[in-house]
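**Student:** Please see the structure below; I have some questions.
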Amino acid sequence: MAITPLFDRIVVKRLDGEEKTAGGIFLPDAAQEKRQEGMVIAAGGGRLTDEGTVLPLELKGGERVLFGKYAGSEVKLEGETYLVMREDEILAIIEA
Amino acid sequence: MAITPLFDRIVVKRLDGEEKTAGGIFLPDAAQEKRQEGMVIAAGGGRLTDEGTVLPLELKGGERVLFGKYAGSEVKLEGETYLVMREDEILAIIEA
Amino acid sequence: MAITPLFDRIVVKRLDGEEKTAGGIFLPDAAQEKRQEGMVIAAGGGRLTDEGTVLPLELKGGERVLFGKYAGSEVKLEGETYLVMREDEILAIIEA
Amino acid sequence: MAITPLFDRIVVKRLDGEEKTAGGIFLPDAAQEKRQEGMVIAAGGGRLTDEGTVLPLELKGGERVLFGKYAGSEVKLEGETYLVMREDEILAIIEA
Amino acid sequence: MAITPLFDRIVVKRLDGEEKTAGGIFLPDAAQEKRQEGMVIAAGGGRLTDEGTVLPLELKGGERVLFGKYAGSEVKLEGETYLVMREDEILAIIEA
Amino acid sequence: MAITPLFDRIVVKRLDGEEKTAGGIFLPDAAQEKRQEGMVIAAGGGRLTDEGTVLPLELKGGERVLFGKYAGSEVKLEGETYLVMREDEILAIIEA
Amino acid sequence: MAITPLFDRIVVKRLDGEEKTAGGIFLPDAAQEKRQEGMVIAAGGGRLTDEGTVLPLELKGGERVLFGKYAGSEVKLEGETYLVMREDEILAIIEA
């Protein structure tokens, strides 16, 4: 099943792996906030301007991104949860 | 009876079939949230810009779409319930 | 008495006839929500752009339209109640 | 004493005469809502665009108009109460 | 001491003289609302557009104006209270 | 230590000297509101338009200005408190 | 690990060193508010205009900046906390 976001929307899969503290200690689940990192699953065709021009997006599938705590709409699809947000809600790209 | 949305509005019929969990288990109704998927029933003639130009829409009747939890206005017509929303409230197109 | 809406306003008379359920059963008044359908009584001369151009409206008197639950301002005129709303608040045209 | 509204403002005197119900019955005061009709007393010189052009108004003194329940600012001048509103808050012109 | 408002701001001194009722009766202070009239003390150099053009104001010092109940910011200067508001908050000019 | 505001921001030091009442009486501290006057300490390089042009500011260091009660963000720097606000939040220039 | 902010976002590391009072007294932690100063860690590629032009930012990595109390989104990355904000939320540059 393929998901194609419209215009400047991005489909993101939130990373839920464990996150070490600065000192290298793994925290149990309850002590962890939701991670604000994710992988771009799909990117829309471009931002539509008021004049009807389509501006290509910066992001593409496979990039690892950082986003705000309340960014995006949660959607469920075939039992999986994704975040769909506008490219402008993405704060930064992370390169490992 | 024909329904013709104005400008950049889309008429959507929400899918209400059951949704399996990731593990393939069917959930009883009370445990289910409303699905955020639907079929496009009709699409308006285009987005009207501030200068009076009409920009054709991306979506057309028959497409399966994903939308936000609170997207659109619910309207009742001949005993059926539809959602009417702006194209910009549609998050993504789903291809089976 | 003639009523002439200004610019992009539309005067609508809400339909209050009974609405059958999907199964064809007539509901008593208390069980009925206000219908979101109406007839266009009069349409303004056009939408005024920021630059002072007037863009003709799509709708005209006699059309049957669908609108949101909270659309428009209710006004009383000679004992009759009308809704005055902007054309952009009209969701769709209904053709019987 | 002359009152000259600025730009796109309109000075309106609300009609307070009695309003018959549909069946022709006069309602006592307490049962009556404020009428949403008035006479245009004075109209400003025109709407100022962001670029500094002045667009002449549609309305002029002496016209009978319909406005929303909460339209305009109430001002008192020599013991009389007027409504000052933007032309865009006027819903329609009424011709007897 | 000179006060020079910036851009499209206007310095207004609220009139606090007594206001007769329609029937010519003077009201005691507690029964009086603050008057919505004042004298323009100083006017700014002009409205700054988004493109950086300065559009001269309509109002100038010495004019008597009408404003909304909550218009402007109150400022105290050498023991006197003034209202500073944008020209667009002025409703009308009053000529005696 | 030098502080350089960005774009259309202004750094202001609020005047906290005593303020005489109209009758020349000095008020004790508790009876005094914070003064809405200050000195411009530094001004940014100019207002950035949506198109990327930089428009020079009107204000410069050393000017005495009037501002609204809730204007600006308070910042502490080396134990001193300043207000940083946009030039558009400045109401007027005061010349002694 | 590299972090690349998108468009006009700035990644800032808040300074948490102690701050002397005006009189040179060091305050214990509980008496201290969070400092509104930080170092720019990374700056985006430029502000995207509505027409699709990219305007280069003023700020670059290594600059010491002042920001509002509630500026930015806090993000955690490898156990470190950063603030990501738009360049327009930066109030001023500080030069030691």
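Identifiers in this document derive from the order of the structure tokens: chains are assigned A, B, ..., residues are numbered from 1 separately in each chain, and ligands are numbered from 1 in order of occurrence.
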Residues of chain E within 9 Å of chain F, using only C-alpha atoms, as a list in words?

**Tutor:** Met1, Ala2, Ile3, Thr4, Pro5, Leu6, Phe7, Arg9, Ile10, Val11, Gly44, Asp50, Glu51, Gly52, Ser73, Glu74, Val75, Lys76, Leu77, Glu78, Gly79, Glu80, Val84 and Met85 of chain E

**Student:** I want to know what sits within 8 Å of segment 14-16 of chain G, based on only C-alpha atoms, with residues of the same chain fewer than 2 positions away left out; could you give that as JSON, numbers by chain?

**Tutor:** {"G": [12, 18, 34, 35, 36, 37, 38, 39, 82, 83]}

**Student:** Convert the current residue selection to file output with N, CA and C atoms, as a short mmCIF file (atom, residue, chain, number, x, y, z; two decimals), in the first residue's frame.

**Tutor:**
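Listing of out_24.cif after writing:
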```cif
data_model
loop_
_atom_site.label_atom_id
_atom_site.label_comp_id
_atom_site.auth_asym_id
_atom_site.auth_seq_id
_atom_site.Cartn_x
_atom_site.Cartn_y
_atom_site.Cartn_z
N VAL G 12 20.33 26.45 18.93
CA VAL G 12 21.01 27.24 19.96
C VAL G 12 21.27 26.36 21.19
N GLU G 18 26.93 30.42 35.61
CA GLU G 18 26.34 31.31 36.60
C GLU G 18 26.36 32.76 36.14
N LYS G 34 16.31 30.81 34.14
CA LYS G 34 17.09 30.31 33.02
C LYS G 34 17.67 31.48 32.23
N ARG G 35 18.91 31.40 31.86
CA ARG G 35 19.51 32.48 31.08
C ARG G 35 18.92 32.57 29.68
N GLN G 36 18.77 33.77 29.19
CA GLN G 36 18.20 33.98 27.85
C GLN G 36 19.30 34.21 26.82
N GLU G 37 20.45 33.62 27.11
CA GLU G 37 21.57 33.73 26.18
C GLU G 37 21.99 32.35 25.72
N GLY G 38 22.55 32.28 24.54
CA GLY G 38 23.02 31.00 24.04
C GLY G 38 24.02 31.17 22.91
N MET G 39 24.59 30.02 22.49
CA MET G 39 25.51 30.01 21.36
C MET G 39 24.80 29.38 20.17
N TYR G 82 18.81 21.11 23.28
CA TYR G 82 19.03 22.29 22.44
C TYR G 82 17.71 23.05 22.28
N LEU G 83 17.83 24.29 21.84
CA LEU G 83 16.66 25.05 21.44
C LEU G 83 16.73 25.25 19.94
#
```

**Student:** By how many Å are atom CA of Thr81 of chain F and atom CA of Gly61 of chain F apart?

**Tutor:**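 It comes out at 16.8 Å.
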
**Student:** DSSP says strand (DSSP E) for which residues of chain F? Put them as a ChimeraX atom specification?

**Tutor:** /F:2-5,9-14,37-43,47-48,54-55,64-67,73-77,80-86,90-95

**Student:** To one decimal in Å, tell me the separation between atom CA of Leu57 of chain C and atom CA of Gly46 of chain A.

**Tutor:**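 Those two atoms sit 29.9 Å apart.
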
**Student:** When you draw a straight line from atom CA of Gly62 of chain A to atom CA of Lys13 of chain A, how long is it in Å?

**Tutor:**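 Result for atom CA of Gly62 of chain A versus atom CA of Lys13 of chain A: 10.2 Å, one decimal.
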